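In what follows, a structure is listed as structure tokens, so that the remarks can point back to it.
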Amino acid sequence: MTLFTTRRGANAALLAFFGAVAIGAPAMAQARDPGAEAFVQTKAQRVISVLANKGMSEAQKKQIFHQAVDELADVPRITNFVLGKYARTITPDQRARFAPAFRTYAENVYQDRIDDYKGEVLKVTGSVVRKPGDVIVNTTISGGQISQPLPVAWRVLGGGQTWKVVDVQFKGVWLAITQQQDFVSTIDNAGGNIDVLINQLQKGQSAKSR
């Protein structure tokens, strides 16, 4: 499997940026979590506002978006999750090369998804507590070039002042889960060689930067 197949899986299925366990619908709806909702309202709105800002250069947007993602998402957790079963066998050297390559790849995927919406305003519409500290926050994105509000769900883990997003659902598809499926398949097809995935991610970055 090539990186282009991987990107097609992320874009066509489009299940992140960005989970530690597979996400499934809870058996029954539970109480909302105002803290998780407030976190998403503030931090996710900042990400969307950065991308919608027409007064910033692309370089400025990229830098601020990177910072906003750190505030919003648990990047180390997601980086580990997308490796699936290979998170247990990856070497320190491979992890050191995979982490930045995946970070750039994931930011591009999430930025592309949000840019596709071309909205400006995020509004929390509710949340479902899967279990304490594990919440799905439902939102809509509107404004800008969006004629009808579009739904986006955010899975957050934590509590109090320590919430972090671990996956994002666009059009019914969870990004981190799809990325994990694509990445594990790529490594499987390479006979378990994680370097093949790392090289594909790095080559994809080089092609995108040209």
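Going through the structure tokens in order, the chains are called A, B, and so on, while each chain numbers its residues from 1 and the ligands are numbered from 1 in the order shown.
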Among the residues of stretch 1-206 of chain A, find those DSSP assigns to strand (DSSP E) from the backbone and print them as a PyMOL selection string.
chain A and resi 121-131+134-142+150-157+164-170+173-174
Could you name the residues that touch A:Phe183 at 9 Å or less, counting only C-alpha atoms, but leaving out those on the same chain fewer than 2 positions away, as a tab-separated table (two decimals) with N, CA, C and O atoms, in the first residue's frame?
```tsv
chain	number	residue	atom	x	y	z
A	6	THR	N	-3.02	5.39	1.39
A	6	THR	CA	-3.31	5.79	2.77
A	6	THR	C	-4.08	7.09	2.81
A	6	THR	O	-5.06	7.23	3.54
A	82	VAL	N	-2.28	5.26	16.41
A	82	VAL	CA	-2.39	4.96	14.98
A	82	VAL	C	-1.45	3.84	14.55
A	82	VAL	O	-1.63	3.26	13.47
A	83	LEU	N	-0.49	3.49	15.37
A	83	LEU	CA	0.40	2.38	15.05
A	83	LEU	C	-0.24	1.02	15.37
A	83	LEU	O	0.28	-0.01	14.95
A	84	GLY	N	-1.34	1.02	16.10
A	84	GLY	CA	-2.03	-0.22	16.42
A	84	GLY	C	-1.11	-1.21	17.11
A	84	GLY	O	-0.36	-0.87	18.02
A	178	THR	N	-9.43	5.54	11.22
A	178	THR	CA	-9.13	5.27	9.83
A	178	THR	C	-7.62	5.29	9.59
A	178	THR	O	-7.07	4.45	8.87
A	179	GLN	N	-6.93	6.25	10.21
A	179	GLN	CA	-5.48	6.32	10.06
A	179	GLN	C	-4.84	5.05	10.60
A	179	GLN	O	-3.91	4.51	9.99
A	180	GLN	N	-5.32	4.56	11.75
A	180	GLN	CA	-4.76	3.34	12.29
A	180	GLN	C	-4.96	2.16	11.33
A	180	GLN	O	-4.04	1.38	11.08
A	181	GLN	N	-6.17	2.04	10.81
A	181	GLN	CA	-6.46	0.94	9.88
A	181	GLN	C	-5.55	1.01	8.65
A	181	GLN	O	-5.00	-0.01	8.21
A	185	SER	N	-2.40	-1.66	7.93
A	185	SER	CA	-2.46	-2.39	6.67
A	185	SER	C	-1.18	-2.18	5.86
A	185	SER	O	-0.65	-3.12	5.26
A	186	THR	N	-0.69	-0.95	5.83
A	186	THR	CA	0.55	-0.65	5.10
A	186	THR	C	1.71	-1.46	5.66
A	186	THR	O	2.51	-2.06	4.91
A	187	ILE	N	1.83	-1.49	6.99
A	187	ILE	CA	2.93	-2.23	7.63
A	187	ILE	C	2.75	-3.73	7.43
A	187	ILE	O	3.72	-4.46	7.16
A	188	ASP	N	1.52	-4.22	7.56
A	188	ASP	CA	1.26	-5.64	7.31
A	188	ASP	C	1.71	-6.04	5.91
A	188	ASP	O	2.35	-7.08	5.71
A	197	LEU	N	6.30	2.42	6.14
A	197	LEU	CA	5.31	3.47	6.42
A	197	LEU	C	6.01	4.80	6.66
A	197	LEU	O	5.58	5.84	6.13
```
List the neighbours of stretch 162-165 of chain A out to 8 Å using only C-alpha atoms; skip same-chain residues closer than 2 positions along the sequence, and give me the result as a VMD selection string.
chain A and resid 18 36 39 71 to 74 154 to 160 167 to 168
Output file for the residues above (N, CA and C atoms, as a compact mmCIF listing (two decimals), in the first residue's frame):
```txt
# COMPACT_ATOMS: atom_id res chain seq x y z
N PHE A 18 -5.90 12.43 15.12
CA PHE A 18 -5.47 12.95 16.24
C PHE A 18 -6.68 12.52 17.00
N ALA A 36 -16.05 19.37 29.38
CA ALA A 36 -15.57 18.89 28.09
C ALA A 36 -16.12 19.77 26.97
N PHE A 39 -14.23 23.08 26.87
CA PHE A 39 -12.89 22.90 26.30
C PHE A 39 -12.95 22.87 24.78
N GLU A 71 -2.55 22.57 21.88
CA GLU A 71 -3.48 22.91 22.95
C GLU A 71 -4.73 22.04 22.91
N LEU A 72 -5.13 21.64 21.71
CA LEU A 72 -6.38 20.92 21.51
C LEU A 72 -6.23 19.41 21.67
N ALA A 73 -5.18 18.84 21.06
CA ALA A 73 -5.09 17.39 20.89
C ALA A 73 -3.98 16.77 21.72
N ASP A 74 -4.20 15.50 22.08
CA ASP A 74 -3.17 14.70 22.75
C ASP A 74 -2.35 14.03 21.67
N TRP A 154 -16.15 15.44 18.50
CA TRP A 154 -14.80 15.42 19.05
C TRP A 154 -14.77 14.47 20.25
N ARG A 155 -13.85 13.52 20.23
CA ARG A 155 -13.71 12.66 21.41
C ARG A 155 -12.62 13.25 22.30
N VAL A 156 -12.95 13.52 23.55
CA VAL A 156 -11.99 14.10 24.48
C VAL A 156 -11.82 13.20 25.69
N LEU A 157 -10.60 13.15 26.17
CA LEU A 157 -10.28 12.40 27.39
C LEU A 157 -9.69 13.36 28.42
N GLY A 158 -9.92 13.06 29.69
CA GLY A 158 -9.34 13.89 30.75
C GLY A 158 -10.36 14.28 31.79
N GLY A 159 -10.32 15.55 32.15
CA GLY A 159 -11.21 16.07 33.18
C GLY A 159 -10.64 17.35 33.74
N GLY A 160 -11.50 18.13 34.37
CA GLY A 160 -11.04 19.39 34.96
C GLY A 160 -10.42 20.30 33.92
N ASP A 167 -9.65 12.18 18.96
CA ASP A 167 -10.14 11.84 17.63
C ASP A 167 -11.22 12.84 17.23
N VAL A 168 -11.40 12.97 15.93
CA VAL A 168 -12.40 13.89 15.38
C VAL A 168 -13.19 13.14 14.32
```
Of the listed residues A:Ser127, A:Asn189, A:Asn138, A:Gln200, that which approaches A:Gly172 most closely, counting only C-alpha atoms:
A:Asn138
Using only C-alpha atoms, which of A:Val196, A:Val173, A:Ile90, A:Ile136 sits nearest A:Val40?
A:Ile136
State, in Å with one decimal place, the distance from atom CA of A:Val124 to atom CA of A:Ile141.
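Distance reported for this atom pair: 9.1 Å.
For stretch 99-103 of chain A, the residues within 7 Å (counting only C-alpha atoms, excluding itself and residues fewer than 6 positions away along the chain) are Thr79, Ile198, Leu201 and Gln202 of chain A.
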Okay, now the selection with N, CA and C atoms, as an mmCIF file, in the first residue's frame?
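New file result.cif:
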```cif
data_model
loop_
_atom_site.group_PDB
_atom_site.id
_atom_site.type_symbol
_atom_site.label_atom_id
_atom_site.label_comp_id
_atom_site.auth_asym_id
_atom_site.auth_seq_id
_atom_site.Cartn_x
_atom_site.Cartn_y
_atom_site.Cartn_z
ATOM 1 N N THR A 79 -0.402 9.538 18.260
ATOM 2 C CA THR A 79 0.739 8.974 17.539
ATOM 3 C C THR A 79 0.922 7.507 17.885
ATOM 4 N N ILE A 198 7.069 4.783 7.445
ATOM 5 C CA ILE A 198 7.786 6.030 7.741
ATOM 6 C C ILE A 198 8.289 6.664 6.451
ATOM 7 N N LEU A 201 5.437 8.289 4.479
ATOM 8 C CA LEU A 201 5.008 9.549 5.074
ATOM 9 C C LEU A 201 6.002 10.652 4.756
ATOM 10 N N GLN A 202 7.285 10.341 4.860
ATOM 11 C CA GLN A 202 8.313 11.345 4.583
ATOM 12 C C GLN A 202 8.308 11.749 3.109
#
```
Running DSSP on the backbone, which parts of stretch 4-200 of chain A land in alpha helix (DSSP H), as a PyMOL selection string?
chain A and resi 4-12+34-52+58-72+75-81+92-117+175-189+194-200
